[in-house]
Amino acid sequence: MSKSPFVVANHKANKTWEEVRSWLVEISNETSAFPGTIVFCPSAPFLASTYSEIKKINSSLQLSAQDISKFEQGAYTGEFAATQIKDFCTYSIIGHSERRANFNESENTLSQKVKNAKTAGIEPIFCVQSVENEIPTDVKIVAYEPVFAIGTGNPDTPANVKDIAKKLKEKGEFMILYGGSVDAQNVKSFLEPTLIDGVLIGASNSLDPKKFIAIVQNAA
Ligand code: PGA
């Protein structure tokens, strides 16, 4: 398993390739001493070129997709299959609340996605919005991301996140992440050795390289 703290940057549908490239170069330069793991999730069109750039500049960032298809390769226009990105991506986010809400992703669909990821050798970062959500078999990394906290500047309380993390750990041996309005000031309050291994940072504080670097520095 990757080293903790585990800090994930989810860019969602933001930035052009030139902006992604310069973000990657700046983050790689400024975080090279970070003892944990930084996982970068650019938009899907940039996965292959981000992978090449990571190699070219000898960056220690790891690459993740933000989602994958529930289908295997085939006649599914507009989709991309786990087997098509396995050479680039170590991880894929699956089950983000924006996917569940905007694309009607059911628990069945999410199980299929997890299965495809695992078969291809990609580790799912499985998002749940509460302890009630089903967690598919073989998931090892669970991100607790309450909807009210995403993009609102209104994070859950560290005490509640710890309580949820304990309940999630009763369901399996997961690495637990917290996501939702994490910033440089509050990041440390969510990390708890053996309980909460990392954080997932969305558009609020991962797009601006300076804000993201400050989070990584304070997480160390
Ligand atoms: P936020 O998003 O950091 O912008 O609140 C979190 C997420 O969507 O994972």
# chains A, B, ... in the order shown; residues from 1 in each chain; ligands from 1

$ residues_near_ligand --ligand "ligand 1" --cutoff "8 Å" --atoms "only C-alpha atoms and all ligand atoms" --output "JSON, numbers by chain"
{"A": [10, 96, 97, 98, 145, 149, 150, 151, 152, 153, 155, 179, 180, 181, 182, 183, 200, 201, 202, 203, 204, 205, 206]}

$ residues_around --residues "A:Val20" --least-positions-apart "5" --cutoff "9 Å" --atoms "only C-alpha atoms" --output "ChimeraX atom specification"
/A:14-15,25,42,46,50

$ write_last_selection --atoms "C-alpha atoms" --output "mmCIF file, in the first residue's frame"
data_model
loop_
_atom_site.group_PDB
_atom_site.id
_atom_site.type_symbol
_atom_site.label_atom_id
_atom_site.label_comp_id
_atom_site.auth_asym_id
_atom_site.auth_seq_id
_atom_site.Cartn_x
_atom_site.Cartn_y
_atom_site.Cartn_z
ATOM 1 C CA ASN A 14 -10.991 21.827 -15.368
ATOM 2 C CA LYS A 15 -7.866 23.126 -17.118
ATOM 3 C CA VAL A 25 5.727 20.688 -13.033
ATOM 4 C CA PRO A 42 -6.495 15.165 -14.260
ATOM 5 C CA PHE A 46 -4.919 14.328 -20.344
ATOM 6 C CA THR A 50 0.270 13.466 -17.969
#

$ select_by_dssp --residues "stretch 68-143 of chain A" --states "strand (DSSP E)" --output "PDB file with N, CA, C and O atoms, in the first residue's frame"
ATOM      1  N   TYR A  91      -4.488   4.275 -10.103  1.00  0.00           N
ATOM      2  CA  TYR A  91      -5.753   4.366  -9.369  1.00  0.00           C
ATOM      3  C   TYR A  91      -6.871   4.874 -10.287  1.00  0.00           C
ATOM      4  O   TYR A  91      -6.613   5.478 -11.326  1.00  0.00           O
ATOM      5  N   SER A  92      -8.111   4.689  -9.830  1.00  0.00           N
ATOM      6  CA  SER A  92      -9.247   5.424 -10.408  1.00  0.00           C
ATOM      7  C   SER A  92     -10.232   5.756  -9.288  1.00  0.00           C
ATOM      8  O   SER A  92     -10.567   4.885  -8.479  1.00  0.00           O
ATOM      9  N   ILE A  93     -10.671   7.000  -9.251  1.00  0.00           N
ATOM     10  CA  ILE A  93     -11.803   7.337  -8.377  1.00  0.00           C
ATOM     11  C   ILE A  93     -13.018   6.607  -8.943  1.00  0.00           C
ATOM     12  O   ILE A  93     -13.201   6.548 -10.162  1.00  0.00           O
ATOM     13  N   ILE A  94     -13.824   6.050  -8.071  1.00  0.00           N
ATOM     14  CA  ILE A  94     -15.098   5.432  -8.480  1.00  0.00           C
ATOM     15  C   ILE A  94     -16.153   5.815  -7.445  1.00  0.00           C
ATOM     16  O   ILE A  94     -15.876   5.794  -6.239  1.00  0.00           O
ATOM     17  N   GLU A 123      -6.262   0.343  -8.852  1.00  0.00           N
ATOM     18  CA  GLU A 123      -6.797   0.356  -7.479  1.00  0.00           C
ATOM     19  C   GLU A 123      -7.904   1.410  -7.380  1.00  0.00           C
ATOM     20  O   GLU A 123      -7.634   2.595  -7.578  1.00  0.00           O
ATOM     21  N   PRO A 124      -9.121   1.013  -7.072  1.00  0.00           N
ATOM     22  CA  PRO A 124     -10.192   2.011  -6.939  1.00  0.00           C
ATOM     23  C   PRO A 124     -10.029   2.873  -5.677  1.00  0.00           C
ATOM     24  O   PRO A 124      -9.667   2.355  -4.616  1.00  0.00           O
ATOM     25  N   ILE A 125     -10.295   4.152  -5.821  1.00  0.00           N
ATOM     26  CA  ILE A 125     -10.464   5.044  -4.668  1.00  0.00           C
ATOM     27  C   ILE A 125     -11.971   5.230  -4.602  1.00  0.00           C
ATOM     28  O   ILE A 125     -12.556   5.990  -5.379  1.00  0.00           O
ATOM     29  N   PHE A 126     -12.613   4.463  -3.727  1.00  0.00           N
ATOM     30  CA  PHE A 126     -14.073   4.363  -3.758  1.00  0.00           C
ATOM     31  C   PHE A 126     -14.693   5.401  -2.833  1.00  0.00           C
ATOM     32  O   PHE A 126     -14.452   5.400  -1.621  1.00  0.00           O
ATOM     33  N   CYS A 127     -15.520   6.291  -3.404  1.00  0.00           N
ATOM     34  CA  CYS A 127     -16.112   7.372  -2.613  1.00  0.00           C
ATOM     35  C   CYS A 127     -17.456   6.941  -2.036  1.00  0.00           C
ATOM     36  O   CYS A 127     -18.304   6.384  -2.752  1.00  0.00           O
ATOM     37  N   VAL A 128     -17.635   7.227  -0.756  1.00  0.00           N
ATOM     38  CA  VAL A 128     -18.945   7.034  -0.121  1.00  0.00           C
ATOM     39  C   VAL A 128     -19.368   8.369   0.486  1.00  0.00           C
ATOM     40  O   VAL A 128     -18.530   9.187   0.850  1.00  0.00           O
ATOM     41  N   ILE A 141      -9.370   1.224  -0.703  1.00  0.00           N
ATOM     42  CA  ILE A 141      -9.282   2.641  -0.329  1.00  0.00           C
ATOM     43  C   ILE A 141     -10.673   3.249  -0.392  1.00  0.00           C
ATOM     44  O   ILE A 141     -11.323   3.221  -1.448  1.00  0.00           O
ATOM     45  N   VAL A 142     -11.148   3.772   0.729  1.00  0.00           N
ATOM     46  CA  VAL A 142     -12.484   4.378   0.785  1.00  0.00           C
ATOM     47  C   VAL A 142     -12.332   5.855   1.134  1.00  0.00           C
ATOM     48  O   VAL A 142     -11.643   6.202   2.102  1.00  0.00           O
ATOM     49  N   ALA A 143     -12.970   6.720   0.336  1.00  0.00           N
ATOM     50  CA  ALA A 143     -12.961   8.154   0.633  1.00  0.00           C
ATOM     51  C   ALA A 143     -14.341   8.556   1.126  1.00  0.00           C
ATOM     52  O   ALA A 143     -15.332   8.399   0.397  1.00  0.00           O
TER      53      ALA A 143
END

$ atom_distance --atom1 "atom CA of A:Val147" --atom2 "atom CA of A:Glu105"
15.2 Å

$ residues_around --residues "A:Ser32" --least-positions-apart "2" --cutoff "8 Å" --atoms "only C-alpha atoms" --output "ChimeraX atom specification"
/A:28-30,34,59-60

$ atom_distance --atom1 "atom CA of A:Ala184" --atom2 "atom CA of A:Ala214"
5.5 Å

$ closest_residue --among "A:Ile54, A:Val114, A:Ala44, A:Met175" --to "A:Ser2" --atoms "only C-alpha atoms"
A:Met175

$ closest_residue --among "A:Arg21, A:Lys56, A:Lys70, A:Lys3" --to "A:Val39" --atoms "only C-alpha atoms"
A:Lys3

$ residues_around --residues "A:Pro193" --least-positions-apart "3" --cutoff "9 Å" --atoms "only C-alpha atoms" --output "PyMOL selection string"
chain A and resi 4-5+196-197

$ closest_residue --among "A:Phe40, A:Ala101, A:Ser49, A:Phe88" --to "A:Glu18" --atoms "only C-alpha atoms"
A:Ser49

$ closest_residue --among "A:Thr194, A:Ser189, A:Ser106, A:Thr31" --to "A:Lys210" --atoms "only C-alpha atoms"
A:Thr31

$ atom_distance --atom1 "atom CA of A:Gly121" --atom2 "atom CA of A:Pro45"
20.4 Å

$ select_by_dssp --residues "stretch 78-114 of chain A" --states "helix (DSSP H, G or I)" --output "list in words"
Ala82, Thr83, Gln84, Ile85, Ser97, Glu98, Arg99, Arg100, Ala101, Asn102, Glu107, Asn108, Thr109, Leu110, Ser111, Gln112, Lys113 and Val114 of chain A

$ closest_residue --among "A:Leu168, A:Val199, A:Ile68, A:Ala33" --to "A:Asn186" --atoms "only C-alpha atoms"
A:Val199

$ residues_around --residues "A:Asp163" --least-positions-apart "5" --cutoff "12 Å" --atoms "only C-alpha atoms" --output "mmCIF file with all heavy atoms, in the first residue's frame"
data_model
loop_
_atom_site.group_PDB
_atom_site.id
_atom_site.type_symbol
_atom_site.label_atom_id
_atom_site.label_comp_id
_atom_site.auth_asym_id
_atom_site.auth_seq_id
_atom_site.Cartn_x
_atom_site.Cartn_y
_atom_site.Cartn_z
ATOM 1 N N SER A 130 -21.800 8.369 2.930
ATOM 2 C CA SER A 130 -22.172 8.056 4.317
ATOM 3 C C SER A 130 -21.794 6.603 4.589
ATOM 4 O O SER A 130 -21.426 5.869 3.660
ATOM 5 C CB SER A 130 -23.675 8.244 4.524
ATOM 6 O OG SER A 130 -24.365 7.129 3.987
ATOM 7 N N VAL A 131 -21.938 6.187 5.851
ATOM 8 C CA VAL A 131 -21.624 4.787 6.178
ATOM 9 C C VAL A 131 -22.644 3.818 5.587
ATOM 10 O O VAL A 131 -22.410 2.620 5.545
ATOM 11 C CB VAL A 131 -21.533 4.525 7.709
ATOM 12 C CG1 VAL A 131 -20.186 4.876 8.239
ATOM 13 C CG2 VAL A 131 -22.630 5.202 8.459
ATOM 14 N N TYR A 144 -14.395 9.050 2.351
ATOM 15 C CA TYR A 144 -15.671 9.565 2.893
ATOM 16 C C TYR A 144 -15.807 11.014 2.446
ATOM 17 O O TYR A 144 -14.971 11.860 2.779
ATOM 18 C CB TYR A 144 -15.665 9.458 4.419
ATOM 19 C CG TYR A 144 -16.757 10.285 5.071
ATOM 20 C CD1 TYR A 144 -18.095 10.087 4.740
ATOM 21 C CD2 TYR A 144 -16.441 11.270 6.004
ATOM 22 C CE1 TYR A 144 -19.098 10.861 5.319
ATOM 23 C CE2 TYR A 144 -17.434 12.044 6.601
ATOM 24 C CZ TYR A 144 -18.762 11.837 6.243
ATOM 25 O OH TYR A 144 -19.748 12.603 6.811
ATOM 26 N N ASP A 156 -16.944 18.743 7.019
ATOM 27 C CA ASP A 156 -17.457 18.005 8.169
ATOM 28 C C ASP A 156 -16.510 18.266 9.343
ATOM 29 O O ASP A 156 -15.369 18.730 9.149
ATOM 30 C CB ASP A 156 -17.510 16.505 7.840
ATOM 31 C CG ASP A 156 -18.529 15.771 8.703
ATOM 32 O OD1 ASP A 156 -18.926 16.314 9.757
ATOM 33 O OD2 ASP A 156 -18.921 14.653 8.338
ATOM 34 N N THR A 157 -16.949 17.965 10.560
ATOM 35 C CA THR A 157 -16.058 18.193 11.708
ATOM 36 C C THR A 157 -15.073 17.030 11.807
ATOM 37 O O THR A 157 -15.421 15.883 11.500
ATOM 38 C CB THR A 157 -16.853 18.243 13.027
ATOM 39 O OG1 THR A 157 -17.489 16.969 13.218
ATOM 40 C CG2 THR A 157 -17.887 19.345 13.005
ATOM 41 N N PRO A 158 -13.843 17.306 12.255
ATOM 42 C CA PRO A 158 -12.876 16.212 12.421
ATOM 43 C C PRO A 158 -13.436 15.106 13.313
ATOM 44 O O PRO A 158 -13.230 13.922 13.044
ATOM 45 C CB PRO A 158 -11.665 16.905 13.059
ATOM 46 C CG PRO A 158 -11.768 18.327 12.577
ATOM 47 C CD PRO A 158 -13.242 18.626 12.497
ATOM 48 N N LEU A 168 -16.516 2.817 9.204
ATOM 49 C CA LEU A 168 -16.141 2.236 7.906
ATOM 50 C C LEU A 168 -15.133 1.113 8.100
ATOM 51 O O LEU A 168 -15.203 0.074 7.450
ATOM 52 C CB LEU A 168 -15.561 3.320 6.978
ATOM 53 C CG LEU A 168 -16.571 4.337 6.444
ATOM 54 C CD1 LEU A 168 -15.859 5.506 5.772
ATOM 55 C CD2 LEU A 168 -17.533 3.677 5.450
ATOM 56 N N LYS A 169 -14.209 1.321 9.038
ATOM 57 C CA LYS A 169 -13.173 0.300 9.272
ATOM 58 C C LYS A 169 -13.761 -0.982 9.865
ATOM 59 O O LYS A 169 -13.154 -2.041 9.767
ATOM 60 C CB LYS A 169 -12.081 0.847 10.182
ATOM 61 C CG LYS A 169 -11.165 1.836 9.461
ATOM 62 C CD LYS A 169 -9.731 1.699 9.908
ATOM 63 C CE LYS A 169 -8.907 2.865 9.410
ATOM 64 N NZ LYS A 169 -7.737 2.470 8.640
ATOM 65 N N GLU A 170 -14.939 -0.855 10.473
ATOM 66 C CA GLU A 170 -15.606 -2.073 10.976
ATOM 67 C C GLU A 170 -16.097 -2.941 9.818
ATOM 68 O O GLU A 170 -16.347 -4.123 9.966
ATOM 69 C CB GLU A 170 -16.807 -1.702 11.859
ATOM 70 C CG GLU A 170 -16.386 -1.305 13.271
ATOM 71 C CD GLU A 170 -17.476 -0.543 14.013
ATOM 72 O OE1 GLU A 170 -18.662 -0.613 13.608
ATOM 73 O OE2 GLU A 170 -17.135 0.134 15.013
ATOM 74 N N ILE A 176 -8.553 4.871 4.754
ATOM 75 C CA ILE A 176 -9.652 5.848 4.738
ATOM 76 C C ILE A 176 -9.118 7.247 4.398
ATOM 77 O O ILE A 176 -8.128 7.712 4.973
ATOM 78 C CB ILE A 176 -10.363 5.917 6.108
ATOM 79 C CG1 ILE A 176 -10.842 4.525 6.563
ATOM 80 C CG2 ILE A 176 -11.510 6.929 6.088
ATOM 81 C CD1 ILE A 176 -12.071 4.001 5.892
ATOM 82 N N TYR A 178 -10.510 11.424 3.724
ATOM 83 C CA TYR A 178 -11.633 12.351 3.879
ATOM 84 C C TYR A 178 -11.566 13.390 2.771
ATOM 85 O O TYR A 178 -10.475 13.895 2.450
ATOM 86 C CB TYR A 178 -11.603 13.069 5.242
ATOM 87 C CG TYR A 178 -12.583 14.222 5.249
ATOM 88 C CD1 TYR A 178 -13.949 13.975 5.208
ATOM 89 C CD2 TYR A 178 -12.144 15.555 5.197
ATOM 90 C CE1 TYR A 178 -14.859 15.022 5.130
ATOM 91 C CE2 TYR A 178 -13.053 16.606 5.127
ATOM 92 C CZ TYR A 178 -14.411 16.324 5.086
ATOM 93 O OH TYR A 178 -15.308 17.358 4.986
ATOM 94 N N PHE A 190 -7.807 16.499 10.074
ATOM 95 C CA PHE A 190 -8.505 15.300 9.583
ATOM 96 C C PHE A 190 -7.623 14.061 9.571
ATOM 97 O O PHE A 190 -8.127 12.950 9.457
ATOM 98 C CB PHE A 190 -9.049 15.547 8.170
ATOM 99 C CG PHE A 190 -10.133 16.573 8.141
ATOM 100 C CD1 PHE A 190 -9.937 17.804 7.535
ATOM 101 C CD2 PHE A 190 -11.351 16.325 8.750
ATOM 102 C CE1 PHE A 190 -10.934 18.760 7.531
ATOM 103 C CE2 PHE A 190 -12.359 17.274 8.750
ATOM 104 C CZ PHE A 190 -12.145 18.499 8.140
ATOM 105 N N GLU A 192 -5.283 11.198 11.014
ATOM 106 C CA GLU A 192 -5.174 10.523 12.311
ATOM 107 C C GLU A 192 -4.509 9.165 12.048
ATOM 108 O O GLU A 192 -5.097 8.314 11.395
ATOM 109 C CB GLU A 192 -6.587 10.333 12.874
ATOM 110 C CG GLU A 192 -6.671 9.645 14.183
ATOM 111 C CD GLU A 192 -6.576 10.615 15.359
ATOM 112 O OE1 GLU A 192 -6.870 11.815 15.190
ATOM 113 O OE2 GLU A 192 -6.187 10.136 16.433
ATOM 114 N N LEU A 195 -6.137 5.648 11.453
ATOM 115 C CA LEU A 195 -7.569 5.829 11.262
ATOM 116 C C LEU A 195 -7.885 6.545 9.939
ATOM 117 O O LEU A 195 -8.618 6.033 9.105
ATOM 118 C CB LEU A 195 -8.171 6.595 12.447
ATOM 119 C CG LEU A 195 -9.681 6.705 12.474
ATOM 120 C CD1 LEU A 195 -10.343 5.336 12.511
ATOM 121 C CD2 LEU A 195 -10.140 7.535 13.674
ATOM 122 N N ILE A 196 -7.326 7.734 9.764
ATOM 123 C CA ILE A 196 -7.562 8.477 8.518
ATOM 124 C C ILE A 196 -6.201 8.721 7.862
ATOM 125 O O ILE A 196 -5.355 9.445 8.381
ATOM 126 C CB ILE A 196 -8.286 9.806 8.777
ATOM 127 C CG1 ILE A 196 -9.590 9.529 9.527
ATOM 128 C CG2 ILE A 196 -8.570 10.532 7.466
ATOM 129 C CD1 ILE A 196 -10.205 10.754 10.147
#

$ closest_residue --among "A:Pro146, A:Ser69, A:Phe212, A:Thr77" --to "A:Gln112" --atoms "only C-alpha atoms"
A:Ser69

$ decode --residues "stretch 73-89 of chain A" --atoms "N, CA and C atoms" --output "PDB file, in the first residue's frame"
ATOM      1  N   GLN A  73     -13.934  -3.067 -22.994  1.00  0.00           N
ATOM      2  CA  GLN A  73     -13.746  -2.488 -24.334  1.00  0.00           C
ATOM      3  C   GLN A  73     -14.837  -2.950 -25.295  1.00  0.00           C
ATOM      4  N   GLY A  74     -15.258  -2.084 -26.182  1.00  0.00           N
ATOM      5  CA  GLY A  74     -16.277  -2.483 -27.155  1.00  0.00           C
ATOM      6  C   GLY A  74     -16.999  -1.288 -27.734  1.00  0.00           C
ATOM      7  N   ALA A  75     -18.224  -1.522 -28.225  1.00  0.00           N
ATOM      8  CA  ALA A  75     -18.984  -0.497 -28.926  1.00  0.00           C
ATOM      9  C   ALA A  75     -19.714   0.408 -27.920  1.00  0.00           C
ATOM     10  N   TYR A  76     -18.962   1.281 -27.260  1.00  0.00           N
ATOM     11  CA  TYR A  76     -19.526   2.187 -26.243  1.00  0.00           C
ATOM     12  C   TYR A  76     -18.974   3.585 -26.485  1.00  0.00           C
ATOM     13  N   THR A  77     -19.517   4.244 -27.484  1.00  0.00           N
ATOM     14  CA  THR A  77     -19.013   5.546 -27.909  1.00  0.00           C
ATOM     15  C   THR A  77     -18.888   6.519 -26.744  1.00  0.00           C
ATOM     16  N   GLY A  78     -17.736   7.133 -26.653  1.00  0.00           N
ATOM     17  CA  GLY A  78     -17.508   8.157 -25.633  1.00  0.00           C
ATOM     18  C   GLY A  78     -16.966   7.611 -24.328  1.00  0.00           C
ATOM     19  N   GLU A  79     -16.986   6.304 -24.153  1.00  0.00           N
ATOM     20  CA  GLU A  79     -16.495   5.698 -22.912  1.00  0.00           C
ATOM     21  C   GLU A  79     -15.012   5.362 -23.030  1.00  0.00           C
ATOM     22  N   PHE A  80     -14.362   5.154 -21.881  1.00  0.00           N
ATOM     23  CA  PHE A  80     -13.036   4.521 -21.942  1.00  0.00           C
ATOM     24  C   PHE A  80     -12.980   3.430 -20.879  1.00  0.00           C
ATOM     25  N   ALA A  81     -12.403   2.300 -21.271  1.00  0.00           N
ATOM     26  CA  ALA A  81     -12.408   1.113 -20.419  1.00  0.00           C
ATOM     27  C   ALA A  81     -11.175   1.073 -19.525  1.00  0.00           C
ATOM     28  N   ALA A  82     -11.316   0.375 -18.409  1.00  0.00           N
ATOM     29  CA  ALA A  82     -10.186   0.226 -17.475  1.00  0.00           C
ATOM     30  C   ALA A  82      -8.956  -0.324 -18.191  1.00  0.00           C
ATOM     31  N   THR A  83      -9.175  -1.287 -19.079  1.00  0.00           N
ATOM     32  CA  THR A  83      -8.031  -1.912 -19.771  1.00  0.00           C
ATOM     33  C   THR A  83      -7.310  -0.918 -20.686  1.00  0.00           C
ATOM     34  N   GLN A  84      -7.994   0.185 -21.057  1.00  0.00           N
ATOM     35  CA  GLN A  84      -7.346   1.169 -21.934  1.00  0.00           C
ATOM     36  C   GLN A  84      -6.477   2.162 -21.170  1.00  0.00           C
ATOM     37  N   ILE A  85      -6.685   2.268 -19.859  1.00  0.00           N
ATOM     38  CA  ILE A  85      -5.880   3.234 -19.094  1.00  0.00           C
ATOM     39  C   ILE A  85      -4.950   2.547 -18.089  1.00  0.00           C
ATOM     40  N   LYS A  86      -4.984   1.222 -18.073  1.00  0.00           N
ATOM     41  CA  LYS A  86      -4.203   0.515 -17.048  1.00  0.00           C
ATOM     42  C   LYS A  86      -2.698   0.767 -17.187  1.00  0.00           C
ATOM     43  N   ASP A  87      -2.243   1.063 -18.398  1.00  0.00           N
ATOM     44  CA  ASP A  87      -0.804   1.316 -18.568  1.00  0.00           C
ATOM     45  C   ASP A  87      -0.393   2.670 -17.991  1.00  0.00           C
ATOM     46  N   PHE A  88      -1.351   3.573 -17.809  1.00  0.00           N
ATOM     47  CA  PHE A  88      -1.026   4.906 -17.274  1.00  0.00           C
ATOM     48  C   PHE A  88      -1.368   5.040 -15.799  1.00  0.00           C
ATOM     49  N   CYS A  89      -2.517   4.467 -15.418  1.00  0.00           N
ATOM     50  CA  CYS A  89      -3.101   4.825 -14.122  1.00  0.00           C
ATOM     51  C   CYS A  89      -2.893   3.751 -13.065  1.00  0.00           C
TER      52      CYS A  89
END
